[in-house]
$ cat input06.txt   # compact mmCIF, C-alpha atoms
# COMPACT_ATOMS: atom_id res chain seq x y z
CA MET U 240 -29.71 58.48 62.75
CA SER U 241 -31.77 56.36 65.12
CA VAL U 242 -31.60 52.58 65.13
CA LYS U 243 -35.09 52.40 63.62
CA GLU U 244 -34.23 54.75 60.78
CA LYS U 245 -31.00 52.93 60.01
CA LEU U 246 -32.80 49.60 60.19
CA LYS U 247 -35.38 50.70 57.63
CA GLN U 248 -32.69 51.98 55.33
CA VAL U 249 -30.56 48.83 55.43
CA LEU U 250 -33.63 46.62 55.02
CA ILE U 251 -34.49 48.42 51.80
CA GLU U 252 -30.91 48.33 50.55
CA ASP U 253 -29.87 44.83 51.56
CA LEU U 254 -33.17 43.16 50.74
CA ASN U 255 -33.54 45.13 47.50
CA LEU U 256 -37.06 46.19 48.40
CA GLU U 257 -38.09 47.94 45.24
CA ASP U 258 -40.51 50.85 45.34
CA VAL U 259 -40.39 51.06 49.13
CA GLU U 260 -39.28 54.25 50.88
CA PRO U 261 -38.12 54.29 54.53
CA ASP U 262 -41.02 56.47 55.62
CA GLU U 263 -43.47 53.95 54.19
CA ILE U 264 -42.31 51.40 56.71
CA THR U 265 -44.11 52.08 59.95
CA ASP U 266 -42.55 51.09 63.23
CA ASP U 267 -45.25 48.58 64.06
CA MET U 268 -45.70 47.13 60.57
CA ALA U 269 -45.38 43.35 60.45
CA LEU U 270 -42.13 42.42 58.74
CA PHE U 271 -43.43 39.11 57.42
CA GLY U 272 -46.61 38.37 55.54
CA GLU U 273 -49.10 41.13 54.98
CA GLY U 274 -47.00 44.03 56.27
CA LEU U 275 -43.63 44.49 54.61
CA GLY U 276 -44.14 41.23 52.77
CA LEU U 277 -40.93 39.46 53.69
CA ASP U 278 -40.97 35.67 53.36
CA SER U 279 -39.63 33.05 55.71
CA LEU U 280 -36.19 32.85 54.13
CA ASP U 281 -35.77 36.60 54.56
CA ALA U 282 -35.39 35.81 58.26
CA VAL U 283 -31.94 34.54 57.32
CA GLU U 284 -31.15 37.92 55.76
CA LEU U 285 -32.45 39.75 58.82
CA VAL U 286 -30.10 37.81 61.07
CA ILE U 287 -27.19 38.71 58.81
CA ILE U 288 -28.23 42.37 58.56
CA VAL U 289 -28.47 42.76 62.31
CA GLN U 290 -25.00 41.33 62.75
CA LYS U 291 -23.41 43.14 59.82
CA HIS U 292 -24.79 46.62 60.39
CA PHE U 293 -25.32 46.70 64.14
CA GLY U 294 -22.77 44.21 65.45
CA VAL U 295 -25.46 42.27 67.27
CA GLU U 296 -25.48 38.50 67.04
CA ILE U 297 -28.81 36.81 67.54
CA LYS U 298 -27.65 33.75 69.41
CA ASP U 299 -30.84 32.00 70.34
CA MET U 300 -33.03 32.38 67.31
CA VAL U 301 -35.82 30.20 68.58
CA GLU U 302 -36.20 32.20 71.79
CA SER U 303 -35.85 35.39 69.81
CA ARG U 304 -38.83 34.80 67.55
CA PRO U 305 -40.78 37.84 68.84
CA ILE U 306 -38.04 40.23 67.78
CA PHE U 307 -38.78 39.52 64.13
CA GLU U 308 -42.29 40.93 64.39
CA SER U 309 -41.70 44.58 63.53
CA ILE U 310 -39.20 47.42 63.32
CA ASN U 311 -40.12 48.25 66.92
CA THR U 312 -39.25 44.82 68.26
CA LEU U 313 -36.13 44.40 66.16
CA ALA U 314 -34.82 47.86 67.04
CA ALA U 315 -35.50 47.26 70.73
CA TYR U 316 -33.48 44.04 70.58
CA ILE U 317 -30.60 45.79 68.81
CA GLU U 318 -30.55 48.64 71.31
CA ALA U 319 -30.56 46.23 74.22
CA ASN U 320 -27.73 44.12 72.83
CA GLN U 321 -25.46 46.54 71.01
CA PRO U 322 -21.86 46.37 72.20
CA MET P 645 -63.98 28.99 39.70
CA SER P 646 -62.05 26.96 37.26
CA GLY P 647 -60.09 27.53 34.16
CA ASN P 648 -57.10 26.30 32.29
CA LYS P 649 -54.01 28.08 33.37
CA GLN P 650 -50.31 27.42 33.16
CA GLU P 651 -49.18 26.77 36.66
CA THR P 652 -46.17 28.62 37.98
CA SER P 653 -44.00 27.86 40.97
CA SER P 654 -45.51 30.68 42.99
CA VAL P 655 -48.91 29.04 42.94
CA VAL P 656 -47.88 25.42 43.16
CA LYS P 657 -49.99 23.80 45.80
CA GLN P 658 -48.98 20.73 47.66
CA ARG P 659 -50.15 17.91 45.44
CA TRP P 660 -48.58 15.09 47.36
CA THR P 661 -49.40 13.47 50.62
CA SER P 662 -47.21 11.41 52.87
CA ARG P 663 -50.26 9.60 54.20
CA SER P 664 -49.82 5.89 53.70
CA LEU P 665 -52.02 3.57 51.72
CA GLY P 666 -53.94 0.90 53.51
CA SER P 667 -55.71 0.62 56.80
CA SER P 668 -54.32 0.45 60.27
CA TRP P 669 -55.03 -3.27 60.54
CA GLY P 670 -53.20 -3.81 57.26
CA HIS P 671 -50.10 -2.19 58.65
CA GLN P 672 -50.48 -4.10 61.91
CA SER P 673 -50.62 -7.35 59.91
CA PHE P 674 -47.24 -6.60 58.43
CA TYR P 675 -45.79 -5.73 61.82
CA LEU P 676 -47.15 -9.00 63.24
CA LEU P 677 -45.66 -11.00 60.36
CA ILE P 678 -42.30 -9.34 60.89
CA ARG P 679 -42.38 -10.26 64.59
CA CYS P 680 -43.42 -13.87 63.88
CA GLY P 681 -41.71 -14.71 60.60
CA GLY P 682 -39.24 -11.96 59.93
CA GLN P 683 -38.64 -10.18 56.67
CA GLN P 684 -39.44 -13.10 54.34
CA ALA P 685 -42.89 -13.66 55.81
CA ALA P 686 -43.71 -9.98 55.42
CA TYR P 687 -42.36 -9.97 51.87
CA LEU P 688 -44.65 -12.88 50.91
CA LEU P 689 -47.70 -10.90 51.94
CA LEU P 690 -46.21 -7.83 50.32
CA TYR P 691 -46.03 -9.42 46.87
CA CYS P 692 -49.80 -10.06 46.97
CA VAL P 693 -50.69 -6.66 48.39
CA VAL P 694 -48.54 -4.84 45.85
CA PHE P 695 -50.06 -6.85 43.00
CA TYR P 696 -53.54 -5.92 44.20
CA TYR P 697 -52.68 -2.24 44.40
CA THR P 698 -51.01 -2.33 41.00
CA LEU P 699 -54.29 -3.55 39.52
CA LEU P 700 -55.93 -0.29 40.59
CA PRO P 701 -55.85 2.34 37.81
CA SER P 702 -55.59 5.15 40.37
CA ILE P 703 -52.37 3.66 41.74
CA ARG P 704 -50.91 3.11 38.28
CA ARG P 705 -51.67 6.72 37.38
CA LYS P 706 -49.69 7.86 40.41
CA CYS P 707 -46.71 5.77 39.34
CA ASP P 708 -47.04 6.82 35.75
CA HIS P 709 -46.14 10.47 36.36
CA TYR P 710 -42.56 9.39 36.91
CA LEU P 711 -42.40 6.10 35.05
CA SER P 712 -43.66 7.55 31.78
CA ARG P 713 -40.66 9.89 31.83
CA ARG P 714 -38.18 7.27 32.92
CA PHE P 715 -39.45 4.68 30.43
CA PRO P 716 -41.15 6.73 27.69
CA ALA P 717 -41.17 3.89 25.15
CA ALA P 718 -42.75 1.29 27.44
CA GLY P 719 -45.93 -0.38 26.23
CA TRP P 720 -48.93 -1.23 28.42
CA TRP P 721 -47.60 -4.49 29.83
CA GLN P 722 -44.15 -3.04 30.45
CA ARG P 723 -45.71 -0.07 32.20
CA PHE P 724 -47.79 -2.39 34.36
CA TRP P 725 -44.68 -4.37 35.28
CA ASN P 726 -42.68 -1.21 35.97
CA CYS P 727 -45.47 0.03 38.19
CA TYR P 728 -45.46 -3.25 40.09
CA ARG P 729 -41.70 -3.04 40.55
CA MET P 730 -41.84 0.53 41.75
CA ASN P 731 -44.61 -0.23 44.24
CA LEU P 732 -42.78 -3.35 45.36
CA SER P 733 -39.60 -1.37 45.94
CA LEU P 734 -41.49 1.07 48.11
CA GLY P 735 -43.19 -1.79 49.95
CA GLU P 736 -39.87 -3.49 50.62
CA VAL P 737 -38.44 -0.29 51.96
CA LEU P 738 -41.39 0.13 54.32
CA VAL P 739 -41.10 -3.47 55.49
CA ASP P 740 -37.35 -3.06 56.02
CA ARG P 741 -37.93 0.13 57.93
CA ALA P 742 -40.33 -1.67 60.25
CA LEU P 743 -37.91 -4.60 60.44
CA VAL P 744 -35.17 -2.33 61.73
CA GLY P 745 -37.53 -0.84 64.28
CA ILE P 746 -39.02 -4.12 65.48
CA LEU P 747 -36.14 -6.58 65.30
CA GLY P 748 -33.17 -4.23 65.45
CA ALA P 749 -30.85 -2.35 63.13
CA GLU P 750 -28.55 -5.37 62.81
CA ARG P 751 -31.18 -7.11 60.63
CA VAL P 752 -30.20 -4.88 57.75
CA GLU P 753 -26.68 -4.28 56.56
CA VAL P 754 -25.92 -0.73 55.54
CA LYS P 755 -22.74 0.21 53.72
CA LEU P 756 -21.72 3.80 53.97
CA HIS P 757 -19.63 5.28 51.21
CA GLY P 758 -18.01 8.58 52.08
CA LYS P 759 -17.91 8.36 55.86
CA GLN P 760 -14.55 10.11 56.17
CA GLU P 761 -15.65 12.94 53.90
CA LEU P 762 -18.72 13.48 56.04
CA MET P 763 -16.71 13.44 59.26
CA ASP P 764 -14.24 15.94 57.81
CA LEU P 765 -17.05 18.28 56.83
CA ILE P 766 -18.66 18.07 60.27
CA ALA P 767 -15.28 18.75 61.88
CA GLU P 768 -15.07 22.08 60.04
CA GLY P 769 -17.69 23.33 62.51
CA ASN P 770 -19.94 25.22 60.09
CA GLY P 771 -22.69 22.66 60.30
CA VAL P 772 -23.57 20.33 57.45
CA ILE P 773 -26.70 20.22 55.35
CA LEU P 774 -27.61 16.75 54.13
CA VAL P 775 -29.94 16.94 51.17
CA ASN P 776 -32.06 13.82 50.89
CA ALA P 777 -34.81 12.88 48.52
CA HIS P 778 -37.67 10.43 48.41
CA ILE P 779 -35.42 7.63 47.30
CA GLY P 780 -34.32 4.37 48.88
CA CYS P 781 -34.83 4.57 52.60
CA TRP P 782 -33.12 7.38 54.42
CA GLN P 783 -34.36 6.05 57.76
CA VAL P 784 -32.63 2.72 57.33
CA ALA P 785 -29.60 4.54 56.02
CA ALA P 786 -29.64 6.97 58.92
CA SER P 787 -29.29 4.08 61.32
CA VAL P 788 -25.58 3.99 60.40
CA LEU P 789 -25.06 7.65 61.14
CA ASP P 790 -24.62 6.93 64.84
CA PHE P 791 -20.90 7.67 64.49
CA VAL P 792 -21.86 11.30 64.05
CA ASP P 793 -21.37 12.81 67.48
CA THR P 794 -23.26 16.00 66.75
CA PRO P 795 -27.08 16.15 66.82
CA ILE P 796 -28.93 15.41 63.60
CA ASN P 797 -31.93 17.59 62.87
CA LEU P 798 -34.55 16.61 60.34
CA LEU P 799 -36.94 18.90 58.54
CA ILE P 800 -39.90 16.62 58.03
CA GLN P 801 -43.60 17.02 57.64
CA ARG P 802 -45.99 14.44 58.88
CA GLU P 803 -49.57 14.27 57.75
CA GLU P 804 -52.37 14.32 60.28
CA GLY P 805 -53.66 10.80 60.82
CA ASP P 806 -50.68 9.10 59.18
CA ILE P 807 -50.63 5.54 60.50
CA ASP P 808 -47.28 4.56 59.11
CA ARG P 809 -44.65 4.36 61.80
CA HIS P 810 -41.09 5.58 61.81
CA HIS P 811 -38.56 2.91 62.72
CA PHE P 812 -37.89 4.18 66.24
CA GLU P 813 -41.62 4.20 67.04
CA HIS P 814 -41.81 0.41 66.80
CA SER P 815 -39.51 -0.07 69.73
CA GLY P 816 -40.95 2.79 71.75
CA LYS P 817 -37.60 4.55 71.71
CA GLU P 818 -37.20 8.25 71.79
CA CYS P 819 -36.72 9.82 68.39
CA PRO P 820 -32.96 9.79 67.74
CA TYR P 821 -33.23 12.98 65.72
CA ARG P 822 -34.54 16.42 66.42
CA ILE P 823 -37.53 17.17 64.25
CA ILE P 824 -38.13 20.58 62.73
CA ASP P 825 -41.64 21.11 61.46
CA PRO P 826 -41.79 23.10 58.21
CA ARG P 827 -45.27 24.24 59.17
CA GLY P 828 -43.88 26.00 62.23
CA HIS P 829 -42.95 29.66 62.73
CA LEU P 830 -41.37 31.06 59.53
CA GLY P 831 -41.25 27.57 58.10
CA GLY P 832 -38.71 26.44 60.68
CA VAL P 833 -36.08 28.72 59.11
CA LEU P 834 -34.88 30.12 62.42
CA GLU P 835 -34.50 26.64 63.91
CA MET P 836 -32.54 25.51 60.86
CA LEU P 837 -30.28 28.53 61.04
CA GLN P 838 -29.75 27.90 64.73
CA VAL P 839 -28.65 24.28 64.35
CA LEU P 840 -26.18 25.19 61.60
CA LYS P 841 -24.71 27.95 63.73
CA ARG P 842 -24.18 25.33 66.44
CA GLY P 843 -22.29 23.20 63.93
CA GLU P 844 -24.94 20.48 63.86
CA VAL P 845 -26.24 18.37 60.99
CA LEU P 846 -29.41 19.46 59.24
CA SER P 847 -31.20 17.06 56.94
CA VAL P 848 -33.71 18.35 54.42
CA MET P 849 -35.53 16.96 51.43
CA GLY P 850 -34.36 18.43 48.18
CA ASP P 851 -37.08 17.13 45.91
CA ARG P 852 -40.34 18.40 47.41
CA MET P 853 -41.83 21.60 48.66
CA LEU P 854 -42.97 21.16 52.26
CA GLY P 855 -45.70 22.90 54.21
CA ASN P 856 -46.47 26.38 52.94
CA ASP P 857 -42.99 26.81 51.57
CA LYS P 858 -42.99 29.15 48.58
CA ASN P 859 -39.25 29.17 48.29
CA GLY P 860 -38.93 27.03 45.22
CA VAL P 861 -37.11 27.42 41.95
CA ASP P 862 -37.81 25.80 38.63
CA VAL P 863 -35.21 23.35 37.42
CA SER P 864 -34.95 20.86 34.59
CA PHE P 865 -35.49 17.28 35.59
CA MET P 866 -36.06 14.29 33.34
CA GLY P 867 -37.13 16.32 30.38
CA GLY P 868 -39.53 18.64 32.18
CA THR P 869 -39.65 21.43 34.70
CA VAL P 870 -40.06 20.77 38.40
CA THR P 871 -40.04 23.04 41.41
CA PHE P 872 -37.41 22.17 43.97
CA PRO P 873 -36.91 24.01 47.24
CA PHE P 874 -33.91 26.28 47.52
CA SER P 875 -33.95 26.92 51.28
CA ALA P 876 -31.00 24.58 51.83
CA TYR P 877 -28.81 26.50 49.39
CA LYS P 878 -29.83 29.81 50.90
CA LEU P 879 -28.98 28.58 54.39
CA ALA P 880 -25.67 27.25 53.10
CA SER P 881 -24.87 30.62 51.58
CA ALA P 882 -25.71 32.43 54.80
CA THR P 883 -23.86 30.14 57.18
CA GLY P 884 -21.03 28.66 55.14
CA ALA P 885 -22.36 25.17 55.79
CA PRO P 886 -21.47 22.67 53.07
CA ILE P 887 -24.25 20.84 51.29
CA VAL P 888 -23.94 17.12 50.89
CA ALA P 889 -26.17 15.13 48.57
CA LEU P 890 -27.02 11.94 50.40
CA LEU P 891 -28.27 8.98 48.40
CA SER P 892 -29.66 5.84 49.96
CA TYR P 893 -30.72 2.75 48.04
CA LYS P 894 -31.46 -0.89 48.53
CA VAL P 895 -28.78 -3.12 47.03
CA GLY P 896 -29.88 -6.57 48.21
CA PRO P 897 -32.58 -8.35 50.19
CA ASN P 898 -31.01 -7.29 53.49
CA SER P 899 -28.66 -4.59 52.47
CA TYR P 900 -28.66 -0.91 51.74
CA ALA P 901 -26.05 1.53 50.64
CA ILE P 902 -25.74 5.12 51.64
CA LYS P 903 -23.58 7.32 49.53
CA ILE P 904 -22.24 10.78 50.09
CA SER P 905 -22.70 11.64 46.46
CA GLN P 906 -21.04 15.00 46.22
CA THR P 907 -20.68 18.29 47.98
CA ILE P 908 -22.51 21.23 46.48
CA LYS P 909 -20.53 24.40 47.03
CA VAL P 910 -22.67 27.48 47.47
CA PRO P 911 -20.80 30.81 47.64
CA GLU P 912 -21.32 32.85 50.79
CA ASN P 913 -23.68 35.80 50.98
CA LEU P 914 -25.43 35.31 47.67
CA GLY P 915 -28.24 37.46 48.93
CA ARG P 916 -31.96 37.44 48.46
CA GLY P 917 -32.92 36.66 44.88
CA LYS P 918 -34.15 33.14 44.27
CA GLU P 919 -32.62 33.01 40.81
CA LYS P 920 -29.16 33.00 42.39
CA PHE P 921 -29.85 29.58 43.81
CA ILE P 922 -31.09 27.93 40.64
CA PRO P 923 -27.65 26.53 39.67
CA TYR P 924 -27.37 24.65 42.96
CA ALA P 925 -30.91 23.27 42.85
CA GLN P 926 -30.20 22.29 39.25
CA GLU P 927 -27.00 20.54 40.34
CA TYR P 928 -29.05 18.53 42.79
CA ALA P 929 -31.65 17.73 40.13
CA GLU P 930 -28.87 16.31 37.97
CA ILE P 931 -27.65 14.16 40.84
CA LEU P 932 -31.18 12.83 41.25
CA GLU P 933 -31.58 12.22 37.55
CA GLU P 934 -28.41 10.17 37.55
CA PHE P 935 -29.75 8.25 40.53
CA CYS P 936 -32.98 7.49 38.66
CA ALA P 937 -30.96 6.20 35.72
CA GLU P 938 -29.11 3.78 38.01
CA HIS P 939 -31.98 2.87 40.35
CA PRO P 940 -35.15 3.45 38.34
CA PHE P 941 -37.55 1.84 40.81
CA GLN P 942 -36.26 3.53 43.93
CA PHE P 943 -37.53 7.04 43.25
CA PHE P 944 -40.68 7.44 45.30
CA ASN P 945 -42.58 10.47 44.15
CA PHE P 946 -46.12 9.41 43.33
CA PHE P 947 -47.52 12.72 42.18
CA GLU P 948 -47.30 15.02 39.17
CA MET P 949 -44.18 16.96 40.02
CA TRP P 950 -43.70 18.19 36.47
CA GLN P 951 -45.60 21.41 35.91
CA ASN P 952 -45.36 21.92 32.19
CA LYS P 953 -48.94 20.83 31.78
CA SER P 954 -52.07 22.90 31.94
CA VAL P 955 -54.06 22.39 35.09
CA ASP P 956 -57.37 23.47 36.49
CA THR P 957 -57.05 25.98 39.26
$ encode --input "input06.txt" --output "structure tokens"
Amino acid sequence: MSVKEKLKQVLIEDLNLEDVEPDEITDDMALFGEGLGLDSLDAVELVIIVQKHFGVEIKDMVESRPIFESINTLAAYIEANQP
Amino acid sequence: MSGNKQETSSVVKQRWTSRSLGSSWGHQSFYLLIRCGGQQAAYLLLYCVVFYYTLLPSIRRKCDHYLSRRFPAAGWWQRFWNCYRMNLSLGEVLVDRALVGILGAERVEVKLHGKQELMDLIAEGNGVILVNAHIGCWQVAASVLDFVDTPINLLIQREEGDIDRHHFEHSGKECPYRIIDPRGHLGGVLEMLQVLKRGEVLSVMGDRMLGNDKNGVDVSFMGGTVTFPFSAYKLASATGAPIVALLSYKVGPNSYAIKISQTIKVPENLGRGKEKFIPYAQEYAEILEEFCAEHPFQFFNFFEMWQNKSVDT
């Protein structure tokens, strides 16, 4: 399973996204706002998910803002920082 | 379009403003009086200004949202007097805040209750979330937090064109705190998470929704329902940071007290649902209600925070 596929799956499971299937989440869909519809506090959950499921700690969250844009950006960050 | 509709937390719009009353020259007059005659001179002018404002029905209406709940049996004259006292309390706090900035922190005595508890919590290294409210004067109170050797970060929103000055701005000093703007990227959540992970102190307001924050829960407060933010409890759950309710209040003409009221324990990893955080927001509401019982004129929310009334949308 690719990082993107796993990411979509754990987002649905850990965020309890009801009525959303993994294939409905496109790689470039915005995670916050209009796209997937996450709200600002879900950023906290994303940080935890990335650490828990991929072993990647987001150390500088302010500098890392762009990685929270989409599955593409988040997956790219995970792949670049996985142990 | 307009119509009567029961308002819910998801559509609560910001109905308060932090923009100060009065003109720039009015504020400058107070600052000048403080420089020339100290606190007493400024207070003399304050009594007149507050009386004038209390005569205005629009000002009394703003006070009445809270006062009618705190003193439900008060008649007209008692309500007028209560309104005057509430406005005067706020005025004194603003004068004292300027006093500290202009003439120095030593002009006001601040007693801190719970210093050791706070230091112990900071030493645990998980960061500490201080939950404040619009009570007393947190800025005067914060002037005694200089023993804290870790940075203090404040989530505060400032209105465009606000002419009221923070205490450090009077002396031209650099802001002693790091400011996080709730109108920033993702409501400043990432910055808040960052400072807690570094073991720093984060101070947030527990009694108002800031910016475009939709992360509020409904809690019972003074016989009605209010929406309080739950971001602090969510952050505490995610990071393990303890939550400390911080109460500040004026206890004498030149003295304030700051009290570490109690620590709110939020279990780790509570997850996403907002309803999981209601008990902790409710716990804070009860702390505030107790504060209002003890210090009825030092609760400074001049807007309709209770939503169990029909409103036009």
$ atom_distance --input "input06.txt" --atom1 "atom CA of P:Phe695" --atom2 "atom CA of P:Tyr675"
19.3 Å
$ atom_distance --input "input06.txt" --atom1 "atom CA of P:Ala742" --atom2 "atom CA of P:Gln683"
9.4 Å
$ residues_around --input "input06.txt" --residues "stretch 315-317 of chain U" --least-positions-apart "3" --cutoff "12 Å" --atoms "all atoms listed in the file" --output "MDAnalysis selection string"
chainID U and resid 241:243 245:246 266:267 285:286 288:298 303:312 320:322
$ closest_residue --input "input06.txt" --among "P:Ala686, P:Ala786, P:Leu879, P:Leu765" --to "chain U" --atoms "all atoms listed in the file"
P:Leu879
$ atom_distance --input "input06.txt" --atom1 "atom CA of P:Trp782" --atom2 "atom CA of P:Gly868"
25.7 Å
$ interface_residues --input "input06.txt" --of "chain P" --to "chain U" --cutoff "8 Å" --atoms "all atoms listed in the file" --output "PDB file with C-alpha atoms, in the coordinates of the input"
ATOM      1  CA  LEU P 830     -41.370  31.060  59.530  1.00  0.00           C
ATOM      2  CA  GLY P 831     -41.250  27.570  58.100  1.00  0.00           C
ATOM      3  CA  VAL P 833     -36.080  28.720  59.110  1.00  0.00           C
ATOM      4  CA  LEU P 834     -34.880  30.120  62.420  1.00  0.00           C
ATOM      5  CA  GLU P 835     -34.500  26.640  63.910  1.00  0.00           C
ATOM      6  CA  LEU P 837     -30.280  28.530  61.040  1.00  0.00           C
ATOM      7  CA  GLN P 838     -29.750  27.900  64.730  1.00  0.00           C
ATOM      8  CA  ASN P 859     -39.250  29.170  48.290  1.00  0.00           C
ATOM      9  CA  SER P 875     -33.950  26.920  51.280  1.00  0.00           C
ATOM     10  CA  LYS P 878     -29.830  29.810  50.900  1.00  0.00           C
ATOM     11  CA  LEU P 879     -28.980  28.580  54.390  1.00  0.00           C
ATOM     12  CA  ALA P 882     -25.710  32.430  54.800  1.00  0.00           C
ATOM     13  CA  GLY P 915     -28.240  37.460  48.930  1.00  0.00           C
ATOM     14  CA  ARG P 916     -31.960  37.440  48.460  1.00  0.00           C
TER      15      ARG P 916
END
$ residues_around --input "input06.txt" --residues "stretch 257-265 of chain U" --least-positions-apart "5" --cutoff "9 Å" --atoms "only C-alpha atoms" --output "list in words"
Glu244, Lys247, Gln248, Leu250, Ile251, Glu252, Gly274, Leu275, Ser309, Ile310 and Asn311 of chain U
$ residues_around --input "input06.txt" --residues "P:Ser864" --least-positions-apart "3" --cutoff "12 Å" --atoms "only C-alpha atoms" --output "count of residues only"
23
$ residues_near_point --input "input06.txt" --point "(-46.2, 3.8, 44.9)" --cutoff "6 Å" --atoms "only C-alpha atoms" --output "list in words"
Cys707, Asn731 and Phe946 of chain P
$ residues_around --input "input06.txt" --residues "P:Ala885" --least-positions-apart "3" --cutoff "6 Å" --atoms "all atoms listed in the file" --output "MDAnalysis selection string"
chainID P and resid 770:772 880
$ residues_around --input "input06.txt" --residues "P:Leu846" --least-positions-apart "3" --cutoff "8 Å" --atoms "all atoms listed in the file" --output "PyMOL selection string"
chain P and resi 771-774+796-799+836+839-840
